[in-house]
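See structure below.
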Protein chains: 2
Amino acid sequence: MKVNHMENSFFKQHKQLLGSAIEALQTRGYYSAYPEIPSGKIYGEHAKKDGFAAFEGYKGNEFSLDQCTTGSFLGAEHSPYGFELGVRYPEIDVDLLLQEVASACPAWRKAPIETRVGCALEILHRLNQRSFEMACAVMHTSGQGFMMAFQAGGPHAQDRGLEAVAYAYKAMLECPQNATWKKQVGREEIVTLEKSYAIVPKGIGLVIGCSTFPTWNTYPGLFASLVTGNAVVVKPHPGAILPLAITVSICQDVLQEAGFDANLVTLAADTVEQPLTADLVKRQEIKIIDYTGGTAFGDWVEENAGNATVYTEKAGVNSVIIDSVEDMRAVSGNLAFSLCLYSGQMCTTPQNIFIPKDGITTASGKISFDDVASSIVKSVDWMLSDQGRANEVLGAIQNEATATRVDTVGGEVLREGNPIEHAMFEGARTRSVKIIKSDSSHIEEFQQEMFGPIVFLIATESTEESISLASSIAKEQGAISCALYSSNEQTLEDGIDAMAQAGVPVSCNLVGSIWVNQSAAFSDFHVSGANPSGNATLSDTAFVVGRFNVVQHRIFIPQPAKVEA
Amino acid sequence: MKVNHMENSFFKQHKQLLGSAIEALQTRGYYSAYPEIPSGKIYGEHAKKDGFAAFEGYKGNEFSLDQCTTGSFLGAEHSPYGFELGVRYPEIDVDLLLQEVASACPAWRKAPIETRVGCALEILHRLNQRSFEMACAVMHTSGQGFMMAFQAGGPHAQDRGLEAVAYAYKAMLECPQNATWKKQVGREEIVTLEKSYAIVPKGIGLVIGCSTFPTWNTYPGLFASLVTGNAVVVKPHPGAILPLAITVSICQDVLQEAGFDANLVTLAADTVEQPLTADLVKRQEIKIIDYTGGTAFGDWVEENAGNATVYTEKAGVNSVIIDSVEDMRAVSGNLAFSLCLYSGQMCTTPQNIFIPKDGITTASGKISFDDVASSIVKSVDWMLSDQGRANEVLGAIQNEATATRVDTVGGEVLREGNPIEHAMFEGARTRSVKIIKSDSSHIEEFQQEMFGPIVFLIATESTEESISLASSIAKEQGAISCALYSSNEQTLEDGIDAMAQAGVPVSCNLVGSIWVNQSAAFSDFHVSGANPSGNATLSDTAFVVGRFNVVQHRIFIPQPAKVEA
């Protein structure tokens, strides 16, 4: 190993930020370390141009990484905006890769905690500097609009990464590194033991990324495993490799500058035709698995991970419960953005909107179920009435299967989900938000996840039934978000309690510039871990403590011979 | 639910103790909350007499509990000291019991954290007061000698319980209960959310006890699950029910005094002929499982627990590595006590003693392998030469299968493990410590766990080979303790590092009144969780955070209308 003291300067350089992050996760008010505005004033005059140029430079070329590869390249990413990316990534051989990774581990495991944490903070810093480049990569793999790709793929993802580093650092410091244990065991005999407590990482972590939020959902697991002393194999979704290839490349740069082997963070790119994930999950060298993606494969991962610790973020069926509102237009305006944003492809997007069949009360009197439904449809219509706004808000559909689902889902359609032409990318795969009317006697229509821009407006007997349906579906299928609108204190309390029992965080009476699908690092726990939508949360102490063990040793210190007076 | 404010007084009464306990687990020096000396001066003049009388009172009678039962009774405990206990415990019906337990849960889950913690601390206090009674119950189920049964079954177990309560309390307080989140989202728009974070327990925990340490190994899981808001079903080993029946009875008393349903902590007693454990493990109502016991069934529990969080403490093959010593007699005297204590039935008892075939260096010169072996054999002989001392140190053999193993294990026997007559209990099932000579080319003799008073003295090529064998066996079979004797700094470091990688805590150069099989609450982590001997440790943060989730909600606070100046 090269002798290099960059590691210490990395920690010193970012120590203050780490302190603020640890403070933030304990107070849980608003905190963000990385600016979310894609502005030249913040990121530098040339940042945007450089970022776009870097992205253009990747297209059609081989992506170089400093890791164990077979020498061949692969990749078949297609932008949801209608063109081939043509980037080709190093192919790996699982046996050879895991051997190289294993031999990179001892130096990293033996490095001081602060060295590892310093490297992680430096990686996050460099990721932040390259947020425009990352925005392009995320946009043209996930199909997100540019602004969202910048924010969720860049600074918000970096915040989630920092949050995981902060939790992990705090957890590693919880046990002292040394202690002196003295016990009086007889009139004149005192036993003294010098004890030491070592952080022993599990070994190699596997992080399985998804196609819709390739960085935001991957960084917590990646950074939590890395700083606790593990190596990390990053397995991107075959449709969204580039954002994680850039990430791995930055990790390798920093690790090498600090004197470590680049194989500590590696990319395991694959294709739909020749997938690697199942093979990696079953390998006994893999001791930690972070998975984000569909429920069926997530369940398979949980069952086939052997003795690996598994953290999953799967899917669910999210609800909105409308009981009573101050101002229906403000509510439907708020909901419309939540429904349209990224064409409903967020794991926090509402699917089922429960409304009492006899209508609801508002500050200006009672309104009928149909009035509520029509207000929501109109607000979505308005949101998508301007092509530029529609393109930016909806983005594109990541996966053809989602588009097909929108096209084929039946029922009493209140609003069609037809494609909307894209002003800049004529080949973009788009769909509008499809809204379907249903009622509580047709639970088979809406009790399953219908991923994508598909919304059910469901007439119920009462708000009590709305709460009961939302919570029972969440217990059965999982749920990640829930919006509840009520001006009645008891109804809020009942809804919050029922959903808490189903492991679902509730957002109450949101209007204005805050939406149910938003989850803020350092304040909101994303996925509770308490229902089938996932067994972990981003992030908390439980998310980090399974990545290492504390192994102690104790040394007997002989008692000094008694000196006679 | 009865209105009762005992809970608050419980917390107030024990708050200072809790504070000291939390302090202790962070500094990890010597700390104990419950006195380990079975003295009338500490426990009260009549404590011993009352405790023995209480034990006599149980014999041959029905044990009454305030829980859901079928009305029938069962039980077939036989004291390893040679008599039937004849205690009969309430029989349960799993379906009915789990229904009753579930209906007891909501009030407990909704109780303030301090109420639950207060109840746990009061339970520990009352357990402590009844330590003599518990000592008899532990002695006559596990076979431990009286002093050990008092200490390990009483105050040391209570310390382990308190430690778990302290970790759980700390973990529950880590996230604030409320936070205000304010974000500037426009020149004049500030979004304000009032956020609340609720501790949501998993539901019902199952704690599966073992026959050798029915309380010490059970209290951490019992108390960790209980204070985090779960109900607990206690499933004792059919051969060691009484200590846990007493424990459950005290839990029920305190819970009822605080106004809760006694079914929050229930006893699920069974018999060898009609076991309940597998049925309970597979029930989907069970969300947390704590298991202590043999490896084979522990592996089955891990595989069949469904979505329950599982914490296991299984078994392993413990090693002593002798490289060089100051004074062989001091070392063999220390080892002899470790080998004899409770007839080697501790999960921390050494099994394999690795000694270089060419002998070792001591302060008074080089001694041969045979000299080392003979020093150990002589020290064991001396330890067991006095009948009273032998009876107290060895105790009795809990299980007939262990006695049979001692009788049948073959090899080059240096010391026989024949029965030793018991001065007080003529029917006691006893065995002495059997010592067998082996060498590193016969790994098949000693690479498996040989539970009980069976010790192998193994000649190796070198200390390097000793370390390599000890660590590879630990990785394969698990190990819970390791003693290393060396006066060479590098050898200590190499041994500690190799064993740390195998997840084994190492005790170095122990002589005098401190033994490798001791594990002190608040300072030593028992089982590392990092090898096949178990996936959890007693206790750390990881041991408690899987027992609850934090589920938040957030309420939108409208911005006050702008007042014009």
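So you can find residues: chains in the structure tokens are A, B, ... in the order shown, residues in each start at 1, and ligands are numbered from 1 in order.
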
task = Give the residues of chain A that lie within 8 Å of chain B; count only C-alpha atoms, and format the answer as a PyMOL selection string.
result = chain A and resi 26-30+174-176+179-183+185+191+198+200+202+496+500-501+503-511+513-514+523-525+528-530+541-542+545-546+549-556

- Message: Let me make sure I understand: if you superpose chain A onto chain B using all C-alpha atoms paired in order, what RMSD in Å results?
- Response: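 The superposed chains show a C-alpha RMSD of 0.0 Å.
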
The residue from A:Ser324, A:Asn517, A:Ser440, A:Thr115 with the smallest atom-to-atom distance to Gly359 (chain A), counting only C-alpha atoms, is A:Ser324

Between A:Arg109, A:Lys235, A:Lys475, A:His156, smallest distance to Ala268 (chain A) by only C-alpha atoms belongs to A:Lys235

Q: Please run DSSP on the backbone and report, as a ChimeraX atom specification, all residues within region 482-563 of chain A that come out as strand (DSSP E or B).
A: /A:482-485,506-508,526,531,534,538,548-557

Measure the distance from CA of Ser385 (chain B) to CA of Pro419 (chain B) in Å and round it to one decimal.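 Pair CA of Ser385 (chain B) / CA of Pro419 (chain B) returns 13.0 Å.
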
**Members of region 488-558 of chain B assigned helix (DSSP H, G or I) by DSSP, as an MDAnalysis selection string** = chainID B and resid 489:501 541:545

Export of the given selection (N, CA and C atoms) as a short mmCIF file (atom, residue, chain, number, x, y, z; two decimals), in the first residue's frame:
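Generated file (part.cif):
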```
data_model
loop_
_atom_site.label_atom_id
_atom_site.label_comp_id
_atom_site.auth_asym_id
_atom_site.auth_seq_id
_atom_site.Cartn_x
_atom_site.Cartn_y
_atom_site.Cartn_z
N GLU B 489 4.76 -9.49 22.31
CA GLU B 489 3.78 -8.48 21.86
C GLU B 489 3.22 -8.80 20.48
N GLN B 490 4.10 -9.20 19.56
CA GLN B 490 3.68 -9.46 18.18
C GLN B 490 2.73 -10.66 18.13
N THR B 491 3.03 -11.67 18.93
CA THR B 491 2.16 -12.85 18.96
C THR B 491 0.78 -12.48 19.49
N LEU B 492 0.76 -11.65 20.54
CA LEU B 492 -0.52 -11.19 21.07
C LEU B 492 -1.30 -10.47 19.97
N GLU B 493 -0.61 -9.57 19.29
CA GLU B 493 -1.28 -8.77 18.26
C GLU B 493 -1.80 -9.67 17.13
N ASP B 494 -0.97 -10.59 16.68
CA ASP B 494 -1.38 -11.50 15.60
C ASP B 494 -2.58 -12.36 16.02
N GLY B 495 -2.51 -12.88 17.24
CA GLY B 495 -3.60 -13.72 17.74
C GLY B 495 -4.89 -12.93 17.88
N ILE B 496 -4.79 -11.75 18.45
CA ILE B 496 -5.97 -10.90 18.64
C ILE B 496 -6.59 -10.56 17.29
N ASP B 497 -5.74 -10.21 16.31
CA ASP B 497 -6.26 -9.82 15.01
C ASP B 497 -6.91 -11.00 14.29
N ALA B 498 -6.26 -12.14 14.33
CA ALA B 498 -6.82 -13.32 13.65
C ALA B 498 -8.15 -13.73 14.28
N MET B 499 -8.21 -13.69 15.60
CA MET B 499 -9.46 -14.08 16.27
C MET B 499 -10.53 -13.00 16.08
N ALA B 500 -10.15 -11.73 16.03
CA ALA B 500 -11.13 -10.67 15.78
C ALA B 500 -11.79 -10.89 14.42
N GLN B 501 -10.97 -11.29 13.44
CA GLN B 501 -11.53 -11.59 12.12
C GLN B 501 -12.48 -12.77 12.16
N THR B 541 -26.33 -1.75 20.72
CA THR B 541 -27.44 -1.03 20.09
C THR B 541 -28.16 -1.90 19.07
N ALA B 542 -27.40 -2.69 18.32
CA ALA B 542 -28.03 -3.55 17.31
C ALA B 542 -29.01 -4.52 17.96
N PHE B 543 -28.74 -4.90 19.20
CA PHE B 543 -29.60 -5.86 19.91
C PHE B 543 -30.97 -5.26 20.24
N VAL B 544 -31.08 -3.95 20.27
CA VAL B 544 -32.36 -3.34 20.65
C VAL B 544 -33.10 -2.66 19.49
N VAL B 545 -32.36 -2.13 18.51
CA VAL B 545 -33.04 -1.30 17.49
C VAL B 545 -33.92 -2.09 16.53
#
```

Just checking: using only C-alpha atoms, which residue out of B:Gln252, B:Asn8, B:Ser462, B:Ser20 ends up closest to Leu65 (chain B)?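 Between B:Gln252, B:Asn8, B:Ser462, B:Ser20, the residue approaching Leu65 (chain B) most closely is B:Gln252.
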
Fill in: Non-local contacts of Leu384 (chain A) (12 Å; only C-alpha atoms; under 6 positions in same chain excluded) as a PyMOL selection string
chain A and resi 333+336-337+339-341+343+377-378+390-395+417-422+431-433

Which residues are near Phe354 (chain B)? Cut-off 10 Å, only C-alpha atoms, ignore same chain within fewer than 4 positions. Put them as a list in words. Ser319, Val320, Ile321, Ile322, Asp323, Phe369, Ser438, Asp439, Ser440, Phe456, Leu457, Ile458, Ala459, Thr460, Glu461, Ser462, Thr463, Glu465, Ser466, Ile467, Leu469, Ala470 and Leu484 of chain B

re CA of Ala428 (chain A) and CA of Pro80 (chain A): distance 5.8 Å

Rounded to one decimal in Å, what is the spacing between CA of Gly75 (chain A) and CA of Arg429 (chain A)?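 Separation of CA of Gly75 (chain A) and CA of Arg429 (chain A): 20.3 Å.
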
Within 8 Å of Gln158 (chain A), counting only C-alpha atoms, which residues show up once you throw out same-chain ones fewer than 3 positions away? Write them as number ranges by chain, please.
-> A: 34, 124, 127-128, 154-155, 161-162, 216, 219
